[in-house]
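Participant: To be precise about what I am sending: the file is called final.pdb and holds PDB, C-alpha atoms.
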```
ATOM      1  CA  MET A   1      38.110  89.591  94.953
ATOM      2  CA  GLY A   2      40.150  91.580  97.447
ATOM      3  CA  GLU A   3      40.102  88.644  99.886
ATOM      4  CA  PHE A   4      41.766  85.233  99.958
ATOM      5  CA  LYS A   5      39.151  83.162  98.126
ATOM      6  CA  PRO A   6      40.010  79.690  99.453
ATOM      7  CA  MET A   7      39.284  80.794 103.021
ATOM      8  CA  LEU A   8      36.041  82.674 102.413
ATOM      9  CA  SER A   9      33.134  81.043 104.240
ATOM     10  CA  ILE A  10      30.249  79.323 102.544
ATOM     11  CA  GLY A  11      27.948  78.210 105.289
ATOM     12  CA  SER A  12      29.935  76.857 108.194
ATOM     13  CA  ILE A  13      33.092  75.947 106.258
ATOM     14  CA  SER A  14      35.532  77.606 103.883
ATOM     15  CA  VAL A  15      35.479  77.429 100.105
ATOM     16  CA  ALA A  16      38.560  75.156 100.192
ATOM     17  CA  GLN A  17      37.051  72.896 102.864
ATOM     18  CA  ARG A  18      33.873  72.559 100.783
ATOM     19  CA  VAL A  19      35.825  71.384  97.714
ATOM     20  CA  VAL A  20      37.757  68.854  99.810
ATOM     21  CA  ALA A  21      34.595  67.622 101.565
ATOM     22  CA  THR A  22      32.705  67.142  98.297
ATOM     23  CA  LEU A  23      35.547  65.239  96.655
ATOM     24  CA  SER A  24      35.907  63.052  99.750
ATOM     25  CA  GLN A  25      32.153  62.418  99.881
ATOM     26  CA  ALA A  26      32.321  61.264  96.249
ATOM     27  CA  GLY A  27      34.988  58.706  97.149
ATOM     28  CA  VAL A  28      38.071  60.499  95.827
ATOM     29  CA  SER A  29      40.901  58.870  97.753
ATOM     30  CA  LYS A  30      43.845  61.156  97.051
ATOM     31  CA  ILE A  31      43.438  64.931  97.079
ATOM     32  CA  VAL A  32      46.317  67.063  95.894
ATOM     33  CA  MET A  33      46.214  70.838  96.186
ATOM     34  CA  VAL A  34      48.636  73.148  94.449
ATOM     35  CA  THR A  35      49.133  76.271  96.536
ATOM     36  CA  GLY A  36      50.875  79.553  95.885
ATOM     37  CA  TYR A  37      49.741  82.832  97.417
ATOM     38  CA  ASN A  38      49.247  82.451 101.202
ATOM     39  CA  ALA A  39      50.321  78.810 100.893
ATOM     40  CA  THR A  40      51.322  78.352 104.537
ATOM     41  CA  MET A  41      48.042  79.797 105.830
ATOM     42  CA  LEU A  42      45.945  77.609 103.510
ATOM     43  CA  GLU A  43      47.970  74.475 104.277
ATOM     44  CA  ARG A  44      47.521  75.051 108.020
ATOM     45  CA  HIS A  45      43.810  75.694 107.507
ATOM     46  CA  LEU A  46      43.387  72.333 105.736
ATOM     47  CA  ALA A  47      45.849  70.351 107.860
ATOM     48  CA  GLY A  48      44.485  67.054 109.091
ATOM     49  CA  ASN A  49      42.421  66.395 105.962
ATOM     50  CA  GLY A  50      44.972  64.039 104.404
ATOM     51  CA  ILE A  51      45.669  66.456 101.562
ATOM     52  CA  ILE A  52      48.957  66.393  99.695
ATOM     53  CA  PHE A  53      50.160  69.959  99.185
ATOM     54  CA  LEU A  54      52.393  71.016  96.321
ATOM     55  CA  ARG A  55      53.597  74.580  95.934
ATOM     56  CA  ASN A  56      53.908  76.790  92.918
ATOM     57  CA  GLU A  57      56.712  78.957  94.258
ATOM     58  CA  ASP A  58      56.501  81.095  91.109
ATOM     59  CA  TYR A  59      52.760  81.825  91.428
ATOM     60  CA  GLU A  60      53.334  85.582  91.008
ATOM     61  CA  THR A  61      54.853  85.182  87.548
ATOM     62  CA  THR A  62      53.060  82.108  86.206
ATOM     63  CA  GLN A  63      49.571  81.205  84.999
ATOM     64  CA  MET A  64      47.062  78.741  86.450
ATOM     65  CA  PHE A  65      48.119  76.233  83.771
ATOM     66  CA  ASP A  66      51.578  76.135  85.373
ATOM     67  CA  SER A  67      49.969  75.100  88.667
ATOM     68  CA  VAL A  68      47.910  72.486  86.803
ATOM     69  CA  LYS A  69      51.144  71.066  85.390
ATOM     70  CA  ILE A  70      52.695  70.854  88.876
ATOM     71  CA  GLY A  71      49.767  68.712  89.994
ATOM     72  CA  LEU A  72      49.751  66.574  86.848
ATOM     73  CA  ARG A  73      53.499  65.896  87.069
ATOM     74  CA  TYR A  74      53.044  64.668  90.617
ATOM     75  CA  LEU A  75      49.983  62.524  89.867
ATOM     76  CA  HIS A  76      50.895  61.052  86.469
ATOM     77  CA  ASP A  77      52.026  57.678  87.852
ATOM     78  CA  LYS A  78      49.864  57.599  90.986
ATOM     79  CA  CYS A  79      46.319  57.188  89.679
ATOM     80  CA  ASP A  80      44.294  56.308  86.596
ATOM     81  CA  LYS A  81      42.062  59.374  86.536
ATOM     82  CA  ILE A  82      42.444  62.904  87.804
ATOM     83  CA  LEU A  83      39.792  65.451  88.651
ATOM     84  CA  PHE A  84      40.826  69.076  88.337
ATOM     85  CA  THR A  85      38.994  72.064  89.723
ATOM     86  CA  PRO A  86      40.056  75.527  90.737
ATOM     87  CA  VAL A  87      39.235  76.186  94.377
ATOM     88  CA  ASP A  88      36.869  79.011  93.451
ATOM     89  CA  VAL A  89      34.297  76.570  92.034
ATOM     90  CA  PRO A  90      33.210  75.064  95.365
ATOM     91  CA  LEU A  91      29.571  74.074  94.959
ATOM     92  CA  PHE A  92      29.581  71.101  92.579
ATOM     93  CA  THR A  93      28.024  68.013  94.133
ATOM     94  CA  ALA A  94      29.345  64.551  94.930
ATOM     95  CA  LYS A  95      26.669  63.192  92.576
ATOM     96  CA  THR A  96      28.251  65.168  89.729
ATOM     97  CA  VAL A  97      31.727  63.902  90.617
ATOM     98  CA  LYS A  98      30.444  60.322  90.547
ATOM     99  CA  ALA A  99      28.697  60.886  87.195
ATOM    100  CA  ILE A 100      31.933  62.172  85.673
ATOM    101  CA  LEU A 101      33.981  59.313  87.119
ATOM    102  CA  ASP A 102      31.414  56.750  85.983
ATOM    103  CA  SER A 103      31.205  58.187  82.449
ATOM    104  CA  GLY A 104      33.972  55.955  81.113
ATOM    105  CA  ALA A 105      35.526  59.018  79.471
ATOM    106  CA  GLU A 106      39.218  59.807  79.348
ATOM    107  CA  LEU A 107      38.572  63.539  79.151
ATOM    108  CA  ALA A 108      35.304  64.954  80.447
ATOM    109  CA  CYS A 109      33.626  67.898  82.067
ATOM    110  CA  PRO A 110      30.161  68.596  83.411
ATOM    111  CA  MET A 111      27.759  70.653  81.266
ATOM    112  CA  CYS A 112      25.030  72.666  82.903
ATOM    113  CA  GLU A 113      22.679  74.851  80.872
ATOM    114  CA  GLY A 114      25.045  74.703  77.915
ATOM    115  CA  LYS A 115      28.102  75.821  79.909
ATOM    116  CA  GLN A 116      31.191  73.746  80.630
ATOM    117  CA  GLY A 117      32.015  73.475  84.301
ATOM    118  CA  HIS A 118      34.233  71.780  86.861
ATOM    119  CA  PRO A 119      35.587  69.402  87.925
ATOM    120  CA  ILE A 120      37.350  68.212  84.784
ATOM    121  CA  LEU A 121      38.290  64.549  84.390
ATOM    122  CA  ILE A 122      41.664  63.718  82.823
ATOM    123  CA  GLY A 123      42.771  60.147  82.143
ATOM    124  CA  ARG A 124      46.341  59.276  83.118
ATOM    125  CA  HIS A 125      47.456  58.490  79.567
ATOM    126  CA  LEU A 126      46.599  62.084  78.520
ATOM    127  CA  ILE A 127      48.916  63.660  81.093
ATOM    128  CA  PRO A 128      52.110  63.575  78.959
ATOM    129  CA  GLU A 129      50.187  65.217  76.128
ATOM    130  CA  ILE A 130      48.879  67.985  78.385
ATOM    131  CA  LEU A 131      52.287  68.497  80.012
ATOM    132  CA  ALA A 132      53.874  68.915  76.562
ATOM    133  CA  ASP A 133      51.235  71.433  75.444
ATOM    134  CA  CYS A 134      52.295  74.992  74.638
ATOM    135  CA  GLY A 135      49.843  76.377  77.196
ATOM    136  CA  GLU A 136      48.082  78.777  74.865
ATOM    137  CA  GLN A 137      44.619  79.315  76.401
ATOM    138  CA  GLY A 138      45.645  77.330  79.472
ATOM    139  CA  LEU A 139      44.116  73.972  80.327
ATOM    140  CA  LYS A 140      41.125  74.631  78.076
ATOM    141  CA  GLY A 141      43.432  75.091  75.086
ATOM    142  CA  ALA A 142      45.414  71.981  76.008
ATOM    143  CA  MET A 143      42.193  69.956  76.228
ATOM    144  CA  ASP A 144      41.018  71.340  72.889
ATOM    145  CA  ARG A 145      44.285  70.122  71.330
ATOM    146  CA  CYS A 146      44.173  66.682  73.014
ATOM    147  CA  SER A 147      44.064  63.563  70.879
ATOM    148  CA  VAL A 148      40.902  62.502  72.742
ATOM    149  CA  PRO A 149      37.746  64.596  72.349
ATOM    150  CA  LEU A 150      36.231  66.184  75.429
ATOM    151  CA  LYS A 151      33.096  64.379  76.581
ATOM    152  CA  ARG A 152      30.509  66.708  78.054
ATOM    153  CA  ILE A 153      28.411  65.153  80.803
ATOM    154  CA  ASP A 154      24.999  66.812  81.149
ATOM    155  CA  VAL A 155      24.206  67.563  84.778
ATOM    156  CA  ALA A 156      21.614  69.668  86.557
ATOM    157  CA  ASP A 157      24.249  71.006  88.951
ATOM    158  CA  PHE A 158      24.613  74.772  88.847
ATOM    159  CA  GLY A 159      27.493  74.465  91.306
ATOM    160  CA  THR A 160      29.672  73.272  88.422
ATOM    161  CA  ILE A 161      29.473  76.648  86.666
ATOM    162  CA  HIS A 162      29.423  79.122  89.576
ATOM    163  CA  ASP A 163      32.816  80.554  90.471
ATOM    164  CA  ALA A 164      33.973  83.393  92.699
ATOM    165  CA  ASP A 165      36.056  85.795  90.637
ATOM    166  CA  THR A 166      34.391  88.973  91.929
ATOM    167  CA  PRO A 167      32.514  90.006  95.077
ATOM    168  CA  GLU A 168      29.313  89.860  93.000
ATOM    169  CA  ASP A 169      30.138  86.282  91.922
ATOM    170  CA  PHE A 170      30.724  85.316  95.546
ATOM    171  CA  SER A 171      27.423  86.881  96.568
ATOM    172  CA  GLN A 172      25.690  84.780  93.889
ATOM    173  CA  LEU A 173      27.521  81.669  95.181
ATOM    174  CA  LEU A 174      26.218  82.369  98.676
ATOM    175  CA  ASP A 175      22.689  82.911  97.363
ATOM    176  CA  TYR A 176      22.859  79.639  95.416
ATOM    177  CA  HIS A 177      24.276  77.785  98.433
ATOM    178  CA  ASN A 178      21.594  79.156 100.729
ATOM    179  CA  SER A 179      18.833  78.274  98.272
ATOM    180  CA  GLN A 180      19.966  74.626  98.345
ATOM    181  CA  LEU A 181      19.754  74.262 102.112
ATOM    182  CA  VAL A 182      16.993  72.109 103.498
ATOM    183  CA  ARG A 183      15.199  73.923 106.276
ATOM    184  CA  PRO A 184      12.528  72.250 108.344
ATOM    185  CA  VAL A 185       9.286  74.168 108.687
ATOM    186  CA  VAL A 186       6.990  73.440 111.591
ATOM    187  CA  SER A 187       3.439  74.724 111.811
ATOM    188  CA  VAL A 188       1.440  74.548 115.007
TER     189      VAL A 188
END
```
Could I get this structure in the form of structure tokens?
Facilitator:
Amino acid sequence: MGEFKPMLSIGSISVAQRVVATLSQAGVSKIVMVTGYNATMLERHLAGNGIIFLRNEDYETTQMFDSVKIGLRYLHDKCDKILFTPVDVPLFTAKTVKAILDSGAELACPMCEGKQGHPILIGRHLIPEILADCGEQGLKGAMDRCSVPLKRIDVADFGTIHDADTPEDFSQLLDYHNSQLVRPVVSV
């Protein structure tokens, strides 16, 4: 991207603030964020939101799956279900989060137009299995090898599949965000 993705603005708030706000709106009570690059800046930016920050001090030499494991190790005995999303998928809705949580699944993800998206639901009893995984193909590979099949929850939420890996992706995110805004129109 060339810029620090979590702090890019979408509307009036940052990408990271949008993820936190959506999870909170959906009733998620404990939000844990694993930071690495620019950790201090991001933690200050989100201070006061009740977020628990964990750091991947080895972010330069590790993969995203290593950061996932840091979060899972911390959460394994603190909750029954975990939602995972990378910060660069900021436009999923609270309605989607609730649908995933209400699905009764132990391992689930949203599906939109035939594509798997985020956030991903992981039941607590699957955490040891994921932590012990070899890590080949990251979290996706670990989920594919899980003893519980992945349940795909059909949603009409394009925010679940839009990420911001490139400037073009981010431009598309902004376009999608702006197309979802409700604007009053007054005619006289």
Participant: Apply the PyMOL selection byres ((chain A and resi 120) around 8) to the file shown and report the selected residues as a list in words.
Facilitator: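 Output of the PyMOL selection byres ((chain A and resi 120) around 8): Ile82, Leu83, Phe84, Thr85, Leu107, Ala108, Cys109, Pro110, Gly117, His118, Pro119, Leu121 and Ile122 of chain A.
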Participant: If the PyMOL selection byres ((chain A and resi 162-174) around 7) were run on this exact file, what residues would it hold? Put them as a ChimeraX atom specification.
Facilitator: /A:1,10,88-89,158-161,175-178
Participant: Find, counting all atoms listed in the file, the residue in A:Leu91, A:Ile153, A:Asp80, A:Pro128 that gets nearest to A:Lys115.
Facilitator: A:Ile153
Participant: Can you measure atom CA of A:Ser24 to atom CA of A:Glu113 for me? One decimal in Å is fine.
Facilitator: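 According to the coordinates, atom CA of A:Ser24 and atom CA of A:Glu113 are separated by 25.9 Å.
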Participant: Just how far from atom CA of A:Lys95 is atom CA of A:Thr22, in Å to one decimal?
Facilitator: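 Computing it gives 9.2 Å between the two atoms.
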Participant: Give as a ChimeraX atom specification the set of residues within 12 Å of the point (51.4, 62.1, 88.5), where distances use the file's coordinates and all atoms listed in the file.
Facilitator: /A:30,32,54,68-82,122-128,130-131
Participant: Please provide the set of residues having any atom within 8 Å of A:Thr96, restricted to only C-alpha atoms, with same-chain residues fewer than 2 positions apart removed, written as a ChimeraX atom specification.
Facilitator: /A:92-94,98-100,110,155,157
Participant: Looking at A:Asn49, A:Ala16, A:Ala156, A:Gly11, which one is nearest to A:Thr35, with distances taken over all atoms listed in the file?
Facilitator: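 Once distances to A:Thr35 are computed over all atoms listed in the file, the minimum belongs to A:Ala16.
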Participant: Return the single residue from A:Ala142, A:Glu3, A:Ala21, A:Tyr37 that is closest to A:Thr61, with distances computed using only C-alpha atoms.
Facilitator: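 The closest residue to A:Thr61 is A:Tyr37.
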Participant: May I ask which of the residues A:Gln17, A:Ser103, A:Ser9, A:Gln180 is the closest one to A:His45, counting all atoms listed in the file?
Facilitator: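 Comparing A:Gln17, A:Ser103, A:Ser9, A:Gln180 against A:His45, the winner is A:Gln17.
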Participant: For A:Val15, which of A:Gly48, A:Ala105, A:Val87, A:Asp58 is the closest residue, counting only C-alpha atoms?
Facilitator: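 Ranking A:Gly48, A:Ala105, A:Val87, A:Asp58 by distance to A:Val15, first place goes to A:Val87.
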Participant: What's the separation between atom CA of A:Leu139 and atom CA of A:Cys112, in Å to one decimal place?
Facilitator: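 So the answer is 19.3 Å.
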Participant: Pick from A:Met7, A:Met64, A:Ile31, A:Leu101: nearest to A:Arg44, with only C-alpha atoms counted?
Facilitator: A:Met7
Participant: Enclose all atoms of stretch 25-29 of chain A listed in the file in an axis-aligned box, grow every side by 3 Å, and hand back centre and edge lengths in Å to one decimal, as JSON.
Facilitator:
```
{"center_x": 36.5, "center_y": 60.6, "center_z": 97.9, "size_x": 14.7, "size_y": 9.7, "size_z": 10.1}
```
Participant: Given the PyMOL selection byres ((chain A and resi 36) around 9) and the file above, list the residues it selects as a list in words.
Facilitator: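 So the PyMOL selection byres ((chain A and resi 36) around 9), applied here, picks out Val34, Thr35, Tyr37, Asn38, Ala39, Thr40, Leu54, Arg55, Asn56, Glu57, Asp58, Tyr59, Glu60 and Ser67 of chain A.
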Participant: Dump C-alpha atoms for the selected residues as an mmCIF file, in the coordinates of the input?
Facilitator:
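Once written, out31.cif looks like this:
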```
data_model
loop_
_atom_site.group_PDB
_atom_site.id
_atom_site.type_symbol
_atom_site.label_atom_id
_atom_site.label_comp_id
_atom_site.auth_asym_id
_atom_site.auth_seq_id
_atom_site.Cartn_x
_atom_site.Cartn_y
_atom_site.Cartn_z
ATOM 1 C CA VAL A 34 48.636 73.148 94.449
ATOM 2 C CA THR A 35 49.133 76.271 96.536
ATOM 3 C CA TYR A 37 49.741 82.832 97.417
ATOM 4 C CA ASN A 38 49.247 82.451 101.202
ATOM 5 C CA ALA A 39 50.321 78.810 100.893
ATOM 6 C CA THR A 40 51.322 78.352 104.537
ATOM 7 C CA LEU A 54 52.393 71.016 96.321
ATOM 8 C CA ARG A 55 53.597 74.580 95.934
ATOM 9 C CA ASN A 56 53.908 76.790 92.918
ATOM 10 C CA GLU A 57 56.712 78.957 94.258
ATOM 11 C CA ASP A 58 56.501 81.095 91.109
ATOM 12 C CA TYR A 59 52.760 81.825 91.428
ATOM 13 C CA GLU A 60 53.334 85.582 91.008
ATOM 14 C CA SER A 67 49.969 75.100 88.667
#
```
